[in-house]
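Take a look at the structure set out below.
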Amino acid sequence: MADAAAPAPPTPEATPSDLAVDDELAIYRVMLLARTFDERALALQRQGRIGFYAPAVGQEAAQVACAWALESGDWLFPSYRELGVALVRGTTPEELFDQFLGNAADRLHGRQMPNHYGFRDRNFVVASSPIGTQVTQAVGAAMAAVRRKDRVVTVAFFGDGATSSNDFHAGLNFAGVFRTPTIFFCQNNGWAISLPRERQTASKTLADKAAAYGVPGLVVDGNDVHAVFRAVRDARARAVAGEGPTLLEAQVYRLGPHSTSDDPRRYRSEGEVDVWRQRDPIGRLRHELIEAGHWSEADDAKLLEEVRGEVAEAIRRSEAKPPSPPASFFDDVLATPPPSLEAERREFERLLAEGVVKP
Amino acid sequence: MADAAAPAPPTPEATPSDLAVDDELAIYRVMLLARTFDERALALQRQGRIGFYAPAVGQEAAQVACAWALESGDWLFPSYRELGVALVRGTTPEELFDQFLGNAADRLHGRQMPNHYGFRDRNFVVASSPIGTQVTQAVGAAMAAVRRKDRVVTVAFFGDGATSSNDFHAGLNFAGVFRTPTIFFCQNNGWAISLPRERQTASKTLADKAAAYGVPGLVVDGNDVHAVFRAVRDARARAVAGEGPTLLEAQVYRLGPHSTSDDPRRYRSEGEVDVWRQRDPIGRLRHELIEAGHWSEADDAKLLEEVRGEVAEAIRRSEAKPPSPPASFFDDVLATPPPSLEAERREFERLLAEGVVKP
Amino acid sequence: MTETTIVQAVNRALREAMQADPDVLLLGEDIGVNGGVFRATEGLFKEFGADRVIDTPLSETGIIGTAIGMALYGLKPVAEIQFMDFIYPGFDQIVSELTKFRYRSGGQYPCHVVIRTPYGGGIKGGLYHSQSTEAYFAHTPGIKVVVPSTPADAHGLLLSAIQDPDPVLFLEPKRIYRSVSGEVPDGAGPEPFGHARVVREGTDVSVFAYGAMIPPAAEACEGVAADGVSAELIDLRTLVPLDEASVLASVEKTGRAVVVHEAPRFCGFGAELAAILAERAFFSLRAPVARVTGYDTPFPYALEQLYLPDAARIRRAIVDTARAG
Amino acid sequence: MTETTIVQAVNRALREAMQADPDVLLLGEDIGVNGGVFRATEGLFKEFGADRVIDTPLSETGIIGTAIGMALYGLKPVAEIQFMDFIYPGFDQIVSELTKFRYRSGGQYPCHVVIRTPYGGGIKGGLYHSQSTEAYFAHTPGIKVVVPSTPADAHGLLLSAIQDPDPVLFLEPKRIYRSVSGEVPDGAGPEPFGHARVVREGTDVSVFAYGAMIPPAAEACEGVAADGVSAELIDLRTLVPLDEASVLASVEKTGRAVVVHEAPRFCGFGAELAAILAERAFFSLRAPVARVTGYDTPFPYALEQLYLPDAARIRRAIVDTARAG
Ligand SMILES: Cc1ncc(C[n+]2csc(CCOP(=O)(O)OP(=O)(O)O)c2C)c(N)n1
Ligand SMILES: Cc1ncc(C[n+]2csc(CCOP(=O)(O)OP(=O)(O)O)c2C)c(N)n1
Ligand SMILES: [Mg+2]
Ligand SMILES: [Mg+2]
């Protein structure tokens, strides 16, 4: 049992904030919505109502504060765990459940497992499962943005495990050479499924890897919304000023299972999890807000009720929608399907009409 | 024209040597043999007598001194440019020409382009063209050596360009995590075909990349046999003592073309090459030996004649050998060929017998 | 002797091979204390320790590259790739290195790496936990490709793979990891490669399938009896080496063939079977060679049951083929 | 109007596309001041600058991954992979990402990347500078696969590839880069995909080939006239989309087919052609479908001329096929 996976505890002093109180409250709301959403999604999976789920529990501060520091024109390249980011970008719980169910309203037309959503109009690129592949893509998009003279950054979101991927290496290297306006936002949540961070790589920190590419790297306490916000805002400012990319390592902890297919008790101790539960970013921000007099237990109870209602209503609406139409899985392979695929679709439609295949 | 590709000039003071004079003289001999061999091989290619060649000109000190510091039980994973290493391991010019010609004496049975040789009995693994792939393999062999309790190291040889490869990243990372007895011997010769070192990566040095994997990294003047010898010997000692891997960056310069398919005048200035010609490792060692009274111009002329004769004789003997037998390209795919391949061989032999296919 | 599942048979073969030969070791992601995401390596970490059941960093390049190095040195590594869909970061090491070492070295460096990986659809895995790309590997000279469909084959063929002097890609039908069970006799040994198995004899149509397609194909072959068609079902078991003799013999008897796989049709393994028949059983064939396969789209999620060949689709193809010509 | 080589036609198409559309840019290894190791990008660095002719670090993962990012953003990147043999470090980006973006996003993210790469043997390149693995890509839904055999096609099909809204793998027959020349009319425009070209009409046997196999296939078709055989040669030009109608029409006429490619036979592209014929031209076929291909070995060096299909081998297969049955 690898308790050593836990990064050093964050400094207890609160970071002086660059966030206005309204922002703090809004961030807090999204974090609570994310947590509530995750809990309900895990329950739905246990009830067999969705097929799979990977929660972001414990990573809300890092995700929400990061997204808060970005502009809507910035392009985000998420992994499958960026719930908080998606919510900041205006994604609704209903849209997410539509994707999980692959129903007729799902923008992906039922093509992907839960968590692998994407929304072009929000510059939130559709996620995939292979670890790390979004990293080079984010760099390429940044090169394109420079060519178009758009003052935007691209952000690659990935985990500690992804630092071992081919694309991490190539992406950071290209970014260093071409000085692209890219933020590499690594959420080191201590684990890559069952592999603890210190057996993923022998480097002292993940941020240390940046130097190998001539890129600045920074460790930030991922449970501190202020620290994350400031780090991302600064990295963004440098990037749009033409000063190049930054690797940020947000140290967080995956409080939940890797996904609903995972049983973390097989590989980590409850004791380790308990240590990190004390640092729960939601409790921490709530405490700060209450201490500062901006929030109360009563406000909190009311907000919790509100977000629970919002999530419940989203589920109700999503589940009421019809499934994706049967032949829709033939669409979107290529703009113009090749003859072989057209023939297959005709064959499929014949089998469907004859009742050999049943939707 | 990217003159900036040239690493900082080596310190002019001679490194105090750990090498006995006999060793120095023996190293010098191999270096001169390598240079002579390269010149003749380039000429043979221009005459159409071999199909391709990639010379090691300028990298002799790094290669020969590195190999000199190793033990015969150590496993070497070369790239296509490790002539000096192969010679130290006892490979003869004739064996090399046999490989270049793919004649009946070639141990590879005519399967590979020139330069891609390998000799199992010398623990000199057969090279391949894809850049970097030998790096992870060297790490795996080191893990195996540890499991077998063999006190040997494995050495991955590669260039500056190869540091951008997937396998560099994975190999260094695995080596760091498993603390394998591996030496990563990077010959930074300033160029990856036409790409200068400083556009290959933005890291300050290539040795700096080691820290990303918790591995020690060291820059060494690759034109200084003493410095290379000591660095490799020390890395080896650490490795067999269980202290893990080392990345060495030997700063050298590719004085010749990338290969016979390359025309370096397209992308680099003669001026840059001239600067490095002043630092030619062979001239430097010769000068040192003469200054120290261990060598004379007359010795040198005699040695040159001797190695020229050796190379000429090797060519003569290799060219006199018969080609690989026609159907031999069907061998060694798998220990037991699948039925499809057996059928193809029979078909081929029939076509051969009928004169449709002509050897 | 008790009933065993496919994943248990894999586990048992790994344990037996490791007990028998200290050179056998395992490496992969989450295979150690976690026992593998499908539990194929359950208990082995405890029994053999971290030296022989190696949890690697998240890099298929690293897994396959280091496995090759181990094999060159003389060990017998068995690498697990968590899902076949994630083999591609290691694809260069497979096609450029693993499959070419023996050849390019003139036989000096055989390279006996086994790569185990769960493949195929039917588990609601979407695009990236469902693919079957056996054709990429079957097209690559220098590697054997094995696909068991029963616990006994999973056990016996995996034992063979580990003893084999050459690279073997061992594809495990994850959809039936637990749903198909059967006996693996005590002391059962390696099962030789290159021998197809006649699952069911028949006289009218030959059906060729492998892996997770065997259960629906068997159901279809049962079903067509009601249509008055006698179908012969052949489980290919090893795609490389392919038991061409059995394939040809069956079609020489029946004159008709249906090929089943879940991979997309275009340039899939079924194309090779059809080509072999069009070349070498041409004068026996009495009907077009039918292919029942996944469609030429990426693997979908919500509608995967419509994408995957099932008994009904296979049955229809068998009947059509029986009646054609 | 002058004679042009294939590599010059590629160069010209790149220049014209870049002149016409500022969103077109090139990236790859040694394509800038060096002009590409085959000189396909000669002069373009000078004309368009380092922003549009981007020399990348040595990483195919990076080349294809960043090209995808550029395409998602709206540019039209044309990536050069120095040799097809070196595409595998970027294979994951191709099969997991490039080919699946449109699909997995429900059409939100088309991904118009062109990957140009020289393929094939005959230049004494050995195992790693000679391979033809078009079948891997043709089997992967979501990408088009194009193989020109003439300067006019290299030019016209490349212009189409760059305008295409989808990923295109553009395979350049390096062996005939300079040895085949022909005219490309001034103002020649894009050549649509999906149309095979009848190189030579004939009545007895249909010969299907593409890329660098066209010259030996053409020579063989000439040659068999002396044997009294009239061979029809079809240049497929685009493997995906495949012009199935032309393939079927030709075999419906001749009743006989020979398929030629340099890739290994087993599960090669020729298997798909044979399978299509065995399925959909079955009742027209009067002889076994023959395949003349590279053998199922890695690509050799010293003996490559024995490995590669040549006019004599193709001719023999045509004559045998004409006389069979
Ligand atoms: C290339 C690849 N290999 C293996 C997997 C299986 N897998 C899915 S998630 C995961 C761990 C990822 O860890 P990390 O990057 O730390 O992200 P986290 O899940 O902790 O957010 C693994 C190994 C995969 N998806 N892709
Ligand atoms: C994966 C891969 N991509 C591209 C190439 C083509 N190529 C051959 S050598 C070379 C440059 C290698 O540079 P470096 O690693 O510095 O070694 P050097 O040749 O300078 O010794 C390139 C790009 C290749 N062999 N492999
Ligand atoms: Mg993690
Ligand atoms: Mg170099």
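Residues are named by chain letter and number: chains run A, B, ... in the order of the structure tokens, numbers start at 1 in each chain, and ligands are numbered from 1 in the order shown.
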
Open item on the list: as a ChimeraX atom specification, please: every residue in segment 44-205 of chain A that DSSP puts in helix (DSSP H, G or I).
Closed with: /A:44-46,60-68,83-88,93-101,120-122,133-147,161-164,166-178,197-200

Just the selected residues (C-alpha atoms), exported as a CSV table (one decimal), in the first residue's frame, please.
chain,number,residue,atom,x,y,z
A,44,LEU,CA,-27.1,5.8,-11.7
A,45,GLN,CA,-24.3,3.5,-12.8
A,46,ARG,CA,-24.8,1.3,-9.8
A,60,GLU,CA,-13.1,20.2,-8.4
A,61,ALA,CA,-11.0,23.2,-7.2
A,62,ALA,CA,-8.3,22.5,-9.8
A,63,GLN,CA,-10.8,22.1,-12.6
A,64,VAL,CA,-13.1,24.9,-11.9
A,65,ALA,CA,-10.5,27.5,-10.9
A,66,CYS,CA,-8.5,26.6,-14.0
A,67,ALA,CA,-11.5,27.1,-16.3
A,68,TRP,CA,-12.4,30.3,-14.5
A,83,LEU,CA,-16.5,17.7,-15.4
A,84,GLY,CA,-15.7,20.9,-13.6
A,85,VAL,CA,-14.3,22.4,-16.7
A,86,ALA,CA,-17.3,21.4,-18.8
A,87,LEU,CA,-19.6,23.0,-16.3
A,88,VAL,CA,-17.8,26.3,-16.2
A,93,PRO,CA,-26.2,18.4,-16.5
A,94,GLU,CA,-28.9,17.5,-19.0
A,95,GLU,CA,-26.5,17.6,-21.9
A,96,LEU,CA,-24.1,15.4,-20.0
A,97,PHE,CA,-26.7,12.8,-19.2
A,98,ASP,CA,-27.8,12.9,-22.8
A,99,GLN,CA,-24.3,11.9,-23.7
A,100,PHE,CA,-24.1,9.2,-21.1
A,101,LEU,CA,-27.3,7.7,-22.4
A,120,ARG,CA,-17.6,22.5,-30.4
A,121,ASP,CA,-19.5,25.7,-29.7
A,122,ARG,CA,-17.8,25.9,-26.3
A,133,THR,CA,-3.3,12.0,-27.3
A,134,GLN,CA,-4.9,15.4,-26.6
A,135,VAL,CA,-1.6,16.9,-25.6
A,136,THR,CA,0.0,17.2,-29.1
A,137,GLN,CA,-3.4,18.2,-30.5
A,138,ALA,CA,-3.6,21.1,-28.2
A,139,VAL,CA,-0.1,22.2,-29.3
A,140,GLY,CA,-1.2,22.0,-33.0
A,141,ALA,CA,-4.3,24.0,-32.3
A,142,ALA,CA,-2.1,26.6,-30.6
A,143,MET,CA,0.2,26.8,-33.7
A,144,ALA,CA,-2.9,27.3,-35.8
A,145,ALA,CA,-4.2,30.0,-33.5
A,146,VAL,CA,-0.9,31.9,-33.8
A,147,ARG,CA,-1.1,31.6,-37.6
A,161,GLY,CA,-0.2,8.9,-15.7
A,162,ALA,CA,-0.4,10.7,-19.0
A,163,THR,CA,3.0,12.2,-18.4
A,164,SER,CA,4.4,8.8,-19.4
A,166,ASN,CA,4.3,9.5,-26.1
A,167,ASP,CA,2.2,12.6,-26.7
A,168,PHE,CA,3.2,14.3,-23.5
A,169,HIS,CA,6.8,14.0,-24.7
A,170,ALA,CA,6.1,15.1,-28.3
A,171,GLY,CA,3.6,17.8,-27.2
A,172,LEU,CA,5.8,19.5,-24.7
A,173,ASN,CA,8.8,19.3,-27.0
A,174,PHE,CA,7.0,20.9,-30.0
A,175,ALA,CA,5.5,23.5,-27.6
A,176,GLY,CA,9.0,24.3,-26.4
A,177,VAL,CA,10.5,24.5,-29.9
A,178,PHE,CA,7.6,26.5,-31.4
A,197,ARG,CA,2.5,8.7,-8.7
A,198,GLU,CA,6.0,7.7,-7.4
A,199,ARG,CA,6.0,4.6,-9.5
A,200,GLN,CA,4.9,6.4,-12.6

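Applying a distance limit of 6 Å to only C-alpha atoms, the residues of chain D near chain C read Tyr88, Pro89, Asp92, Tyr136, His139, Pro141, Phe266, Cys267, Ala271, Glu272, Ala274, Ala275, Ala278, Glu279, Phe282, Pro288, Val289, Asp296, Thr297 and Pro298 of chain D.
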
Please produce a file of those selected residues containing N, CA, C and O atoms, as a PDB file, in the first residue's frame.
ATOM      1  N   TYR D  88       4.779   4.651 -37.988  1.00  0.00           N
ATOM      2  CA  TYR D  88       4.215   3.942 -36.822  1.00  0.00           C
ATOM      3  C   TYR D  88       4.321   4.670 -35.498  1.00  0.00           C
ATOM      4  O   TYR D  88       3.433   4.513 -34.663  1.00  0.00           O
ATOM      5  N   PRO D  89       5.351   5.466 -35.255  1.00  0.00           N
ATOM      6  CA  PRO D  89       5.301   6.245 -34.013  1.00  0.00           C
ATOM      7  C   PRO D  89       4.079   7.177 -33.979  1.00  0.00           C
ATOM      8  O   PRO D  89       3.655   7.585 -32.909  1.00  0.00           O
ATOM      9  N   ASP D  92      -0.835   5.658 -33.503  1.00  0.00           N
ATOM     10  CA  ASP D  92      -1.906   5.860 -32.524  1.00  0.00           C
ATOM     11  C   ASP D  92      -2.696   7.114 -32.858  1.00  0.00           C
ATOM     12  O   ASP D  92      -3.932   7.103 -32.841  1.00  0.00           O
ATOM     13  N   TYR D 136      -3.264  -1.706 -43.690  1.00  0.00           N
ATOM     14  CA  TYR D 136      -3.575  -1.254 -42.321  1.00  0.00           C
ATOM     15  C   TYR D 136      -4.571  -0.094 -42.360  1.00  0.00           C
ATOM     16  O   TYR D 136      -5.490   0.001 -41.554  1.00  0.00           O
ATOM     17  N   HIS D 139      -8.113  -0.724 -43.888  1.00  0.00           N
ATOM     18  CA  HIS D 139      -8.961  -1.462 -42.939  1.00  0.00           C
ATOM     19  C   HIS D 139      -9.494  -0.549 -41.833  1.00  0.00           C
ATOM     20  O   HIS D 139     -10.336  -0.957 -41.044  1.00  0.00           O
ATOM     21  N   PRO D 141     -11.655   2.405 -40.677  1.00  0.00           N
ATOM     22  CA  PRO D 141     -12.696   3.329 -41.131  1.00  0.00           C
ATOM     23  C   PRO D 141     -12.336   4.766 -40.777  1.00  0.00           C
ATOM     24  O   PRO D 141     -11.775   5.026 -39.712  1.00  0.00           O
ATOM     25  N   PHE D 266      -0.666 -12.013 -47.462  1.00  0.00           N
ATOM     26  CA  PHE D 266      -1.618 -12.411 -46.421  1.00  0.00           C
ATOM     27  C   PHE D 266      -2.297 -11.171 -45.823  1.00  0.00           C
ATOM     28  O   PHE D 266      -1.637 -10.288 -45.272  1.00  0.00           O
ATOM     29  N   CYS D 267      -3.621 -11.111 -45.976  1.00  0.00           N
ATOM     30  CA  CYS D 267      -4.391  -9.964 -45.496  1.00  0.00           C
ATOM     31  C   CYS D 267      -3.991  -8.651 -46.156  1.00  0.00           C
ATOM     32  O   CYS D 267      -4.233  -7.578 -45.590  1.00  0.00           O
ATOM     33  N   ALA D 271      -6.459  -9.131 -50.947  1.00  0.00           N
ATOM     34  CA  ALA D 271      -7.443 -10.034 -50.349  1.00  0.00           C
ATOM     35  C   ALA D 271      -8.830  -9.417 -50.424  1.00  0.00           C
ATOM     36  O   ALA D 271      -9.809 -10.090 -50.744  1.00  0.00           O
ATOM     37  N   GLU D 272      -8.912  -8.111 -50.164  1.00  0.00           N
ATOM     38  CA  GLU D 272     -10.219  -7.460 -50.226  1.00  0.00           C
ATOM     39  C   GLU D 272     -10.769  -7.501 -51.652  1.00  0.00           C
ATOM     40  O   GLU D 272     -11.947  -7.781 -51.858  1.00  0.00           O
ATOM     41  N   ALA D 274     -10.109  -9.694 -53.960  1.00  0.00           N
ATOM     42  CA  ALA D 274     -10.527 -11.071 -54.241  1.00  0.00           C
ATOM     43  C   ALA D 274     -11.833 -11.386 -53.530  1.00  0.00           C
ATOM     44  O   ALA D 274     -12.718 -12.049 -54.079  1.00  0.00           O
ATOM     45  N   ALA D 275     -11.962 -10.880 -52.293  1.00  0.00           N
ATOM     46  CA  ALA D 275     -13.185 -11.152 -51.538  1.00  0.00           C
ATOM     47  C   ALA D 275     -14.390 -10.477 -52.183  1.00  0.00           C
ATOM     48  O   ALA D 275     -15.485 -11.062 -52.268  1.00  0.00           O
ATOM     49  N   ALA D 278     -15.269 -12.586 -55.054  1.00  0.00           N
ATOM     50  CA  ALA D 278     -15.853 -13.871 -54.639  1.00  0.00           C
ATOM     51  C   ALA D 278     -17.270 -13.687 -54.121  1.00  0.00           C
ATOM     52  O   ALA D 278     -18.069 -14.624 -54.089  1.00  0.00           O
ATOM     53  N   GLU D 279     -17.567 -12.459 -53.682  1.00  0.00           N
ATOM     54  CA  GLU D 279     -18.891 -12.181 -53.134  1.00  0.00           C
ATOM     55  C   GLU D 279     -19.833 -11.677 -54.228  1.00  0.00           C
ATOM     56  O   GLU D 279     -20.962 -12.105 -54.324  1.00  0.00           O
ATOM     57  N   PHE D 282     -19.200 -13.428 -58.291  1.00  0.00           N
ATOM     58  CA  PHE D 282     -18.998 -14.875 -58.257  1.00  0.00           C
ATOM     59  C   PHE D 282     -19.500 -15.568 -59.519  1.00  0.00           C
ATOM     60  O   PHE D 282     -18.828 -16.427 -60.094  1.00  0.00           O
ATOM     61  N   PRO D 288      -9.904 -19.065 -60.917  1.00  0.00           N
ATOM     62  CA  PRO D 288      -9.484 -18.577 -59.600  1.00  0.00           C
ATOM     63  C   PRO D 288      -8.916 -17.159 -59.706  1.00  0.00           C
ATOM     64  O   PRO D 288      -8.297 -16.811 -60.715  1.00  0.00           O
ATOM     65  N   VAL D 289      -9.128 -16.375 -58.658  1.00  0.00           N
ATOM     66  CA  VAL D 289      -8.566 -15.029 -58.614  1.00  0.00           C
ATOM     67  C   VAL D 289      -7.118 -15.142 -58.162  1.00  0.00           C
ATOM     68  O   VAL D 289      -6.826 -15.647 -57.081  1.00  0.00           O
ATOM     69  N   ASP D 296       5.216 -13.086 -47.886  1.00  0.00           N
ATOM     70  CA  ASP D 296       4.906 -12.851 -46.471  1.00  0.00           C
ATOM     71  C   ASP D 296       6.154 -12.885 -45.602  1.00  0.00           C
ATOM     72  O   ASP D 296       6.245 -13.651 -44.629  1.00  0.00           O
ATOM     73  N   THR D 297       7.095 -12.060 -45.971  1.00  0.00           N
ATOM     74  CA  THR D 297       8.323 -11.888 -45.198  1.00  0.00           C
ATOM     75  C   THR D 297       8.502 -10.384 -45.001  1.00  0.00           C
ATOM     76  O   THR D 297       7.903  -9.590 -45.726  1.00  0.00           O
ATOM     77  N   PRO D 298       9.309  -9.979 -44.040  1.00  0.00           N
ATOM     78  CA  PRO D 298       9.713  -8.569 -44.046  1.00  0.00           C
ATOM     79  C   PRO D 298      10.385  -8.259 -45.379  1.00  0.00           C
ATOM     80  O   PRO D 298      10.776  -9.163 -46.123  1.00  0.00           O
TER      81      PRO D 298
END

Task: Exercise answer, chain A residues close to chain C, 9 Å and only C-alpha atoms, as a VMD selection string - done: chain A and resid 1 51 to 52 101 to 103 109 to 113 128 to 131 161 to 166 192 to 195 199 to 201 261 to 264 266 to 267 323 to 333 340 to 341 344 to 345 348 351 356 to 359

Open item on the list: Could you list, as a PyMOL selection string, all residues that come within 7 Å of ligand 3? Count only C-alpha atoms and all ligand atoms.
Closed with: chain A and resi 159-161+187-193

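Between atom CA of Arg279 of chain B and atom CA of Gln251 of chain B lies a distance of 11.4 Å.
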
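Using only C-alpha atoms, the nearest neighbour of chain B within the list A:Ser17, A:Gln278, A:Thr205, A:Thr336 is A:Thr205.
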
Task: Residue set, segment 119-232 of chain D restricted to strand (DSSP E), as a ChimeraX atom specification - done: /D:119,144-146,168-173,181-183,197-200,205-209,231-232

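Distance annotation: of A:Glu243, A:Glu249, A:Asp300, A:Glu305, the residue with the minimal separation from ligand 1 is A:Glu249; atom set is only C-alpha atoms and all ligand atoms.
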